[in-house]
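Text of the file upload.txt, holding compact mmCIF, C-alpha atoms:
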# COMPACT_ATOMS: atom_id res chain seq x y z
CA MET A 409 -109.20 -22.89 -110.70
CA GLN A 410 -106.49 -25.25 -111.88
CA ASN A 411 -104.72 -22.38 -113.70
CA TYR A 412 -104.96 -20.20 -110.59
CA PHE A 413 -103.40 -22.92 -108.44
CA ARG A 414 -100.61 -23.47 -110.97
CA ASN A 415 -99.86 -19.74 -111.20
CA THR A 416 -99.78 -19.46 -107.42
CA MET A 417 -97.28 -22.32 -107.15
CA VAL A 418 -95.09 -20.78 -109.84
CA PHE A 419 -95.12 -17.48 -107.96
CA LEU A 420 -94.17 -19.17 -104.68
CA PHE A 421 -91.38 -21.11 -106.40
CA VAL A 422 -89.96 -17.93 -107.95
CA PHE A 423 -90.26 -16.10 -104.62
CA LEU A 424 -88.43 -18.83 -102.73
CA LEU A 425 -85.76 -19.05 -105.42
CA ALA A 426 -85.21 -15.30 -105.30
CA CYS A 427 -85.39 -14.75 -101.55
CA GLY A 428 -84.18 -17.96 -99.98
CA PRO A 429 -80.71 -18.07 -101.54
CA LYS A 430 -80.30 -14.32 -100.94
CA ASP A 431 -80.97 -14.75 -97.23
CA ASP A 432 -78.68 -17.78 -97.12
CA GLY A 433 -75.98 -15.90 -99.03
CA ALA A 434 -76.24 -12.90 -96.72
CA LYS A 435 -75.97 -15.16 -93.68
CA LEU A 436 -72.93 -16.87 -95.17
CA ARG A 437 -71.28 -13.49 -95.73
CA LEU A 438 -71.97 -12.51 -92.12
CA ASP A 439 -70.66 -15.83 -90.83
CA SER A 440 -67.59 -15.43 -93.01
CA ALA A 441 -66.97 -11.95 -91.55
CA ARG A 442 -67.16 -13.40 -88.05
CA ALA A 443 -64.70 -16.15 -88.97
CA PHE A 444 -62.23 -13.64 -90.41
CA TYR A 445 -62.61 -11.52 -87.26
CA ALA A 446 -61.85 -14.53 -85.06
CA ASN A 447 -58.62 -15.03 -87.06
CA LYS A 448 -57.75 -11.32 -86.72
CA GLU A 449 -58.09 -10.82 -90.49
CA TYR A 450 -59.92 -7.55 -90.01
CA GLN A 451 -59.64 -6.18 -93.53
CA LEU A 452 -61.18 -9.34 -94.99
CA ALA A 453 -63.92 -9.22 -92.36
CA LYS A 454 -64.80 -5.66 -93.41
CA GLN A 455 -64.83 -6.68 -97.05
CA GLU A 456 -67.39 -9.39 -96.25
CA ILE A 457 -69.66 -6.82 -94.58
CA ASP A 458 -69.32 -4.54 -97.61
CA SER A 459 -70.15 -7.42 -99.96
CA LEU A 460 -73.19 -8.31 -97.87
CA LYS A 461 -74.60 -4.78 -98.27
CA ILE A 462 -73.90 -4.67 -102.01
CA LEU A 463 -75.02 -8.17 -103.00
CA TYR A 464 -78.00 -8.52 -100.68
CA PRO A 465 -79.53 -5.04 -100.27
CA LYS A 466 -82.86 -6.48 -99.07
CA ALA A 467 -81.40 -8.79 -96.42
CA PHE A 468 -82.24 -6.21 -93.77
CA ASP A 469 -81.68 -8.36 -90.69
CA GLN A 470 -78.24 -9.48 -91.83
CA ILE A 471 -77.27 -5.95 -92.88
CA ARG A 472 -78.26 -4.57 -89.48
CA ALA A 473 -76.29 -7.32 -87.76
CA GLY A 474 -73.35 -6.69 -90.08
CA LEU A 475 -73.29 -2.96 -89.37
CA ALA A 476 -73.37 -3.63 -85.64
CA PHE A 477 -70.58 -6.17 -86.01
CA LEU A 478 -68.54 -3.68 -88.06
CA ASP A 479 -67.85 -1.64 -84.91
CA THR A 480 -66.52 -4.79 -83.23
CA ILE A 481 -64.24 -5.41 -86.21
CA ARG A 482 -62.95 -1.82 -86.14
CA ARG A 483 -62.28 -2.03 -82.43
CA GLY A 484 -60.30 -5.24 -82.89
CA GLU A 485 -58.39 -3.70 -85.78
CA ASN A 486 -57.42 -0.65 -83.72
CA MET A 487 -56.44 -2.77 -80.73
CA GLN A 488 -54.15 -4.74 -83.03
CA THR A 489 -52.61 -1.48 -84.29
CA ILE A 490 -51.92 -0.35 -80.72
CA THR A 491 -50.31 -3.69 -79.82
CA GLU A 492 -48.11 -3.66 -82.94
CA CYS A 493 -47.06 -0.03 -82.42
CA ASP A 494 -46.14 -0.68 -78.77
CA SER A 495 -44.07 -3.67 -79.82
CA LEU A 496 -42.23 -1.77 -82.56
CA VAL A 497 -41.62 1.28 -80.36
CA ALA A 498 -40.15 -0.96 -77.65
CA ALA A 499 -37.87 -2.54 -80.26
CA TYR A 500 -36.86 0.78 -81.87
CA GLN A 501 -36.26 2.86 -78.72
CA PRO A 502 -32.99 1.25 -77.51
CA THR A 503 -31.50 1.42 -81.01
CA LEU A 504 -32.54 5.07 -81.30
CA GLU A 505 -30.99 5.96 -77.95
CA LYS A 506 -27.77 4.22 -78.96
CA MET A 507 -27.75 6.21 -82.21
CA LYS A 508 -28.31 9.47 -80.32
CA SER A 509 -25.17 8.78 -78.29
CA LEU A 510 -23.18 9.50 -81.47
CA PHE A 511 -24.55 13.05 -81.48
CA SER A 512 -24.20 16.16 -79.38
CA TYR A 513 -27.48 17.82 -78.40
CA GLN A 514 -27.27 21.57 -78.83
CA ARG A 515 -29.74 24.32 -78.04
CA ASN A 516 -29.32 28.01 -77.46
CA LYS A 517 -31.98 28.59 -74.78
CA GLN A 518 -31.92 32.31 -75.42
CA TYR A 519 -32.92 32.01 -79.08
CA GLN A 520 -34.21 28.48 -79.67
CA GLU A 521 -37.32 26.71 -78.41
CA THR A 522 -36.01 23.35 -79.60
CA GLY A 523 -32.55 21.95 -80.13
CA SER A 524 -30.73 19.82 -82.68
CA TYR A 525 -28.62 16.66 -82.68
CA ILE A 526 -25.21 17.35 -84.25
CA PRO A 527 -22.84 14.50 -85.24
CA LYS A 528 -19.99 14.57 -82.73
CA GLU A 529 -17.30 14.45 -85.41
CA SER A 530 -18.58 17.69 -86.95
CA VAL A 531 -19.04 19.73 -83.75
CA THR A 532 -16.90 22.86 -84.04
CA GLY A 533 -18.28 24.95 -81.21
CA GLY A 534 -19.83 27.39 -83.66
CA VAL A 535 -16.48 28.20 -85.28
CA ILE A 536 -16.44 28.23 -89.09
CA THR A 537 -13.32 26.35 -90.12
CA GLY A 538 -13.74 26.53 -93.91
CA THR A 539 -15.99 25.64 -96.83
CA MET A 540 -17.93 22.51 -95.96
CA LEU A 541 -21.26 20.78 -95.54
CA ARG A 542 -22.58 20.15 -92.06
CA SER A 543 -25.72 18.46 -90.89
CA GLY A 544 -28.06 18.07 -87.95
CA VAL A 545 -31.41 16.64 -86.93
CA GLY A 546 -34.08 18.66 -85.16
CA GLU A 547 -36.05 17.34 -82.20
CA ASP A 548 -38.91 16.72 -84.64
CA GLY A 549 -36.69 14.33 -86.61
CA VAL A 550 -36.31 16.64 -89.61
CA LEU A 551 -32.81 16.58 -91.09
CA TYR A 552 -31.03 19.64 -92.42
CA ILE A 553 -27.84 20.21 -94.36
CA GLU A 554 -26.00 23.51 -94.14
CA SER A 555 -23.67 24.64 -96.90
CA VAL A 556 -20.88 26.76 -95.44
CA PHE A 557 -18.72 28.86 -97.75
CA THR A 558 -15.74 31.03 -96.90
CA GLY A 559 -14.03 33.02 -99.64
CA SER A 560 -14.84 35.99 -101.81
CA LYS A 561 -17.69 37.04 -104.08
CA GLN A 562 -19.58 33.73 -103.82
CA LYS A 563 -23.34 33.97 -103.37
CA HIS A 564 -24.98 30.57 -103.63
CA ASN A 565 -28.50 29.32 -102.95
CA GLN A 566 -28.28 25.79 -104.35
CA ILE A 567 -25.89 22.83 -104.17
CA LYS A 568 -25.26 19.81 -106.32
CA ILE A 569 -23.60 16.61 -105.13
CA SER A 570 -22.07 14.42 -107.83
CA ALA A 571 -20.35 11.06 -108.20
CA LYS A 572 -17.77 10.20 -110.86
CA ASP A 573 -20.22 7.90 -112.67
CA GLY A 574 -22.38 10.93 -113.52
CA SER A 575 -25.09 10.34 -110.93
CA PHE A 576 -25.98 13.36 -108.83
CA VAL A 577 -28.57 14.96 -106.62
CA GLN A 578 -29.38 18.65 -106.45
CA SER A 579 -31.07 20.71 -103.79
CA LEU A 580 -33.89 23.06 -104.60
CA PRO A 581 -32.97 26.76 -104.56
CA VAL A 582 -33.29 28.52 -101.22
CA ASN A 583 -34.35 32.11 -101.81
CA ASP A 584 -35.61 33.24 -98.40
CA ASP A 585 -33.51 34.42 -95.48
CA GLY A 586 -34.78 32.23 -92.63
CA LEU A 587 -31.78 30.49 -91.10
CA ASN A 588 -29.43 31.61 -93.89
CA TYR A 589 -26.57 33.97 -93.16
CA ARG A 590 -24.26 36.07 -95.33
CA PHE A 591 -21.72 38.37 -93.76
CA SER A 592 -18.22 39.79 -94.17
CA ASN A 593 -15.36 39.77 -91.73
CA MET A 594 -11.88 41.17 -92.30
CA GLY A 595 -12.35 41.20 -96.07
CA LYS A 596 -13.64 37.65 -96.22
CA GLU A 597 -17.13 36.58 -97.27
CA TYR A 598 -19.09 33.99 -95.30
CA GLU A 599 -22.28 32.17 -96.29
CA ILE A 600 -24.30 29.61 -94.37
CA ILE A 601 -27.26 28.30 -96.39
CA ARG A 602 -29.61 25.74 -94.82
CA PHE A 603 -31.44 23.07 -96.83
CA ALA A 604 -34.22 21.20 -95.02
CA GLY A 605 -37.46 19.45 -95.90
CA ALA A 606 -38.32 19.70 -99.59
CA ASN A 607 -35.29 21.94 -100.27
CA GLU A 608 -32.91 19.21 -99.08
CA ASN A 609 -34.32 17.04 -101.88
CA GLY A 610 -32.69 13.72 -100.92
CA MET A 611 -29.06 14.88 -100.68
CA ALA A 612 -28.45 13.12 -97.35
CA LYS A 613 -29.85 9.86 -98.70
CA PHE A 614 -27.60 10.15 -101.77
CA ILE A 615 -24.54 10.68 -99.57
CA PHE A 616 -25.57 7.79 -97.29
CA THR A 617 -25.93 5.49 -100.32
CA ASN A 618 -22.57 6.57 -101.75
CA THR A 619 -20.53 6.99 -98.56
CA ASN A 620 -17.65 4.85 -99.81
CA ILE A 621 -17.08 6.55 -103.16
CA PRO A 622 -15.67 10.02 -103.99
CA LEU A 623 -18.28 12.79 -104.10
CA SER A 624 -17.96 16.42 -105.11
CA VAL A 625 -20.05 19.41 -104.07
CA THR A 626 -20.82 22.29 -106.41
CA LEU A 627 -22.13 25.54 -104.98
CA GLU A 628 -24.43 27.25 -107.47
CA GLY A 629 -25.94 30.72 -107.63
CA GLN A 630 -24.30 33.89 -108.84
CA GLY A 631 -21.15 31.84 -109.32
CA LYS A 632 -19.94 28.25 -109.09
CA TYR A 633 -17.48 26.60 -106.77
CA THR A 634 -16.66 22.89 -106.57
CA TYR A 635 -14.84 20.93 -103.89
CA THR A 636 -14.46 17.30 -102.78
CA LEU A 637 -16.56 16.05 -99.89
CA SER A 638 -14.41 14.63 -97.09
CA GLN A 639 -14.96 11.15 -95.69
CA THR A 640 -15.60 12.65 -92.25
CA THR A 641 -18.37 14.84 -93.64
CA LYS A 642 -19.92 11.95 -95.57
CA SER A 643 -19.91 9.86 -92.41
CA ALA A 644 -21.50 12.65 -90.35
CA ILE A 645 -24.27 13.31 -92.89
CA SER A 646 -24.92 9.56 -93.23
CA LYS A 647 -25.40 9.32 -89.45
CA SER A 648 -27.76 12.30 -89.54
CA PHE A 649 -29.77 10.59 -92.26
CA GLN A 650 -30.02 7.39 -90.21
CA LEU A 651 -31.02 9.24 -87.04
CA SER A 652 -33.64 11.28 -88.89
CA THR A 653 -35.11 8.17 -90.49
CA MET A 654 -35.37 6.40 -87.13
CA MET A 655 -36.88 9.40 -85.35
CA LEU A 656 -39.49 9.93 -88.06
CA GLN A 657 -40.39 6.22 -88.08
CA LEU A 658 -40.81 6.24 -84.30
CA ASP A 659 -42.92 9.38 -84.48
CA SER A 660 -45.06 7.76 -87.18
CA LEU A 661 -45.66 4.74 -84.94
CA LYS A 662 -46.66 6.94 -82.02
CA THR A 663 -49.03 8.91 -84.25
CA ALA A 664 -50.62 5.68 -85.55
CA LYS A 665 -51.13 4.51 -81.96
CA GLU A 666 -52.75 7.82 -80.97
CA LYS A 667 -55.13 7.61 -83.92
CA ALA A 668 -56.08 4.04 -83.01
CA GLU A 669 -56.70 5.07 -79.39
CA TYR A 670 -58.93 7.91 -80.57
CA HIS A 671 -60.92 5.56 -82.83
CA ILE A 672 -61.51 3.20 -79.90
CA TYR A 673 -62.58 6.15 -77.76
CA TYR A 674 -65.04 7.17 -80.48
CA LEU A 675 -66.42 3.61 -80.80
CA ASP A 676 -66.81 3.30 -77.02
CA ASN A 677 -68.64 6.65 -76.83
CA LYS A 678 -70.84 5.63 -79.74
CA LYS A 679 -71.70 2.37 -77.92
CA ASP A 680 -72.51 4.25 -74.70
CA LYS A 681 -74.68 6.76 -76.58
CA ASN A 682 -76.62 3.96 -78.29
CA ALA A 683 -77.14 2.29 -74.92
CA ASP A 684 -78.48 5.55 -73.45
CA ASP A 685 -80.83 5.98 -76.41
CA VAL A 686 -82.22 2.48 -75.83
CA VAL A 687 -82.81 3.22 -72.13
CA LYS A 688 -84.62 6.45 -72.96
Any chance you could put this one into structure tokens?
Amino acid sequence: MQNYFRNTMVFLFVFLLACGPKDDGAKLRLDSARAFYANKEYQLAKQEIDSLKILYPKAFDQIRAGLAFLDTIRRGENMQTITECDSLVAAYQPTLEKMKSLFSYQRNKQYQETGSYIPKESVTGGVITGTMLRSGVGEDGVLYIESVFTGSKQKHNQIKISAKDGSFVQSLPVNDDGLNYRFSNMGKEYEIIRFAGANENGMAKFIFTNTNIPLSVTLEGQGKYTYTLSQTTKSAISKSFQLSTMMLQLDSLKTAKEKAEYHIYYLDNKKDKNADDVVK
């Protein structure tokens, strides 16, 4: 009888040692998550809920409470995203509009669904005045650089921009037709090759970074032709790079806000569905 009593007490002691601290630890994790939430430290709050599930898998009441609270955390997190995006968009928009004033918006309604912003100093009214680089930014914020060549026998599909210190950037080859043109007129050859997206390969950024130093352009393909990039052209491409960067950043903020709004919509619908299930 004495042995039985002793064994029972040992069992109870072990049980309390194993379960009591686990329940206390789980509760502390949940309380910690609530404290982080109150301080708008949403990522840390979610980490506490994750730790609760991993470290205390049998603390069922706390886990259920934690999972329910997780939706509250996510809602707060998305509300914060919306607030931050609205604030940044409001700050960016005037600067963007001021930047756009340095450009001419052009769109051929007969052939184009969207237009482009062309730096005012490089607007030529569609007239090709010589071998040059010209740039623009689409309404989607994507920058392009066009390599224009006038001469004879040149057929290029790639360009390289170099500085005197040996640094350079090179486009990827453009092998499809798309917005590229090659034609002859009065014995003279004309080429207009457009580099955008991956094919542009950072050329505008390189020019923007090196605006104040001499840069040369080499046309590459079936032949090679090198010329010096004018200061006016460097300035125009630098402005295009800045406008593109701002437009893409603004678009990214608007996309982040839309995603956050959708997540809140999902959480609200989930809450309403759970409420209906309880009523049923």
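The nearest approach to Ala606 of chain A among the residues A:Met655, A:Leu436, A:Ile536, A:Ile553, with all atoms listed in the file taken into account, belongs to A:Ile553.
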- Item | Spatial neighbours of Ile672 of chain A, 9 Å, only C-alpha atoms, chain gap at least 5 places, as an MDAnalysis selection string | chainID A and resid 482:483 486:487 667 677
- Item | Option closest in space to Tyr635 of chain A, from A:Asn588, A:Thr539, A:Gln518, A:Asn618 [counting only C-alpha atoms] | A:Thr539
Each residue of segment 491-570 of chain A lying at most 12 Å from segment 656-660 of chain A should get a row with its shortest atom-to-atom pair and the distance in Å to one decimal, counting all atoms listed in the file; could you produce that, ordered by chain and increasing number, as a tab-separated table?
residue	atom	partner	partner_atom	distance
A:Cys493	CA	A:Leu658	CA	9.1
A:Asp494	CA	A:Leu658	CA	10.3
A:Ser495	CA	A:Leu658	CA	11.4
A:Leu496	CA	A:Leu658	CA	8.3
A:Val497	CA	A:Leu658	CA	6.4
A:Ala498	CA	A:Leu658	CA	9.8
A:Ala499	CA	A:Leu658	CA	10.1
A:Tyr500	CA	A:Leu658	CA	7.2
A:Gln501	CA	A:Leu658	CA	8.0
A:Pro502	CA	A:Leu658	CA	11.5
A:Thr503	CA	A:Leu658	CA	11.0
A:Leu504	CA	A:Leu658	CA	8.9
A:Glu505	CA	A:Leu658	CA	11.7
A:Val545	CA	A:Leu656	CA	10.6
A:Gly546	CA	A:Leu656	CA	10.7
A:Glu547	CA	A:Leu656	CA	10.1
A:Asp548	CA	A:Leu656	CA	7.6
A:Gly549	CA	A:Leu656	CA	5.4
A:Val550	CA	A:Leu656	CA	7.6
A:Leu551	CA	A:Leu656	CA	9.9
- So what do you get for atom CA of Phe477 of chain A versus atom CA of Leu661 of chain A, distance-wise?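 Going from atom CA of Phe477 of chain A over to atom CA of Leu661 of chain A covers 27.2 Å.
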- Shortest contact to Ser570 of chain A, candidates A:Tyr674, A:Tyr519, A:Phe614, A:Phe444, atoms counted all atoms listed in the file, goes to A:Phe614
- Message: Report, in Å to a single decimal, how far apart atom CA of Lys448 of chain A and atom CA of Asp432 of chain A are.
- Response: 24.2 Å
Shell around Lys596 of chain A at 9 Å using only C-alpha atoms, local window under 5 positions removed, as a short mmCIF file (atom, residue, chain, number, x, y, z; two decimals) with C-alpha atoms, in the coordinates of the input:
data_model
loop_
_atom_site.label_atom_id
_atom_site.label_comp_id
_atom_site.auth_asym_id
_atom_site.auth_seq_id
_atom_site.Cartn_x
_atom_site.Cartn_y
_atom_site.Cartn_z
CA THR A 558 -15.74 31.03 -96.90
CA GLY A 559 -14.03 33.02 -99.64
CA SER A 560 -14.84 35.99 -101.81
CA LYS A 561 -17.69 37.04 -104.08
CA PHE A 591 -21.72 38.37 -93.76
#
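From atom CA of Leu460 of chain A back to atom CA of Thr491 of chain A, the distance works out to 29.5 Å.
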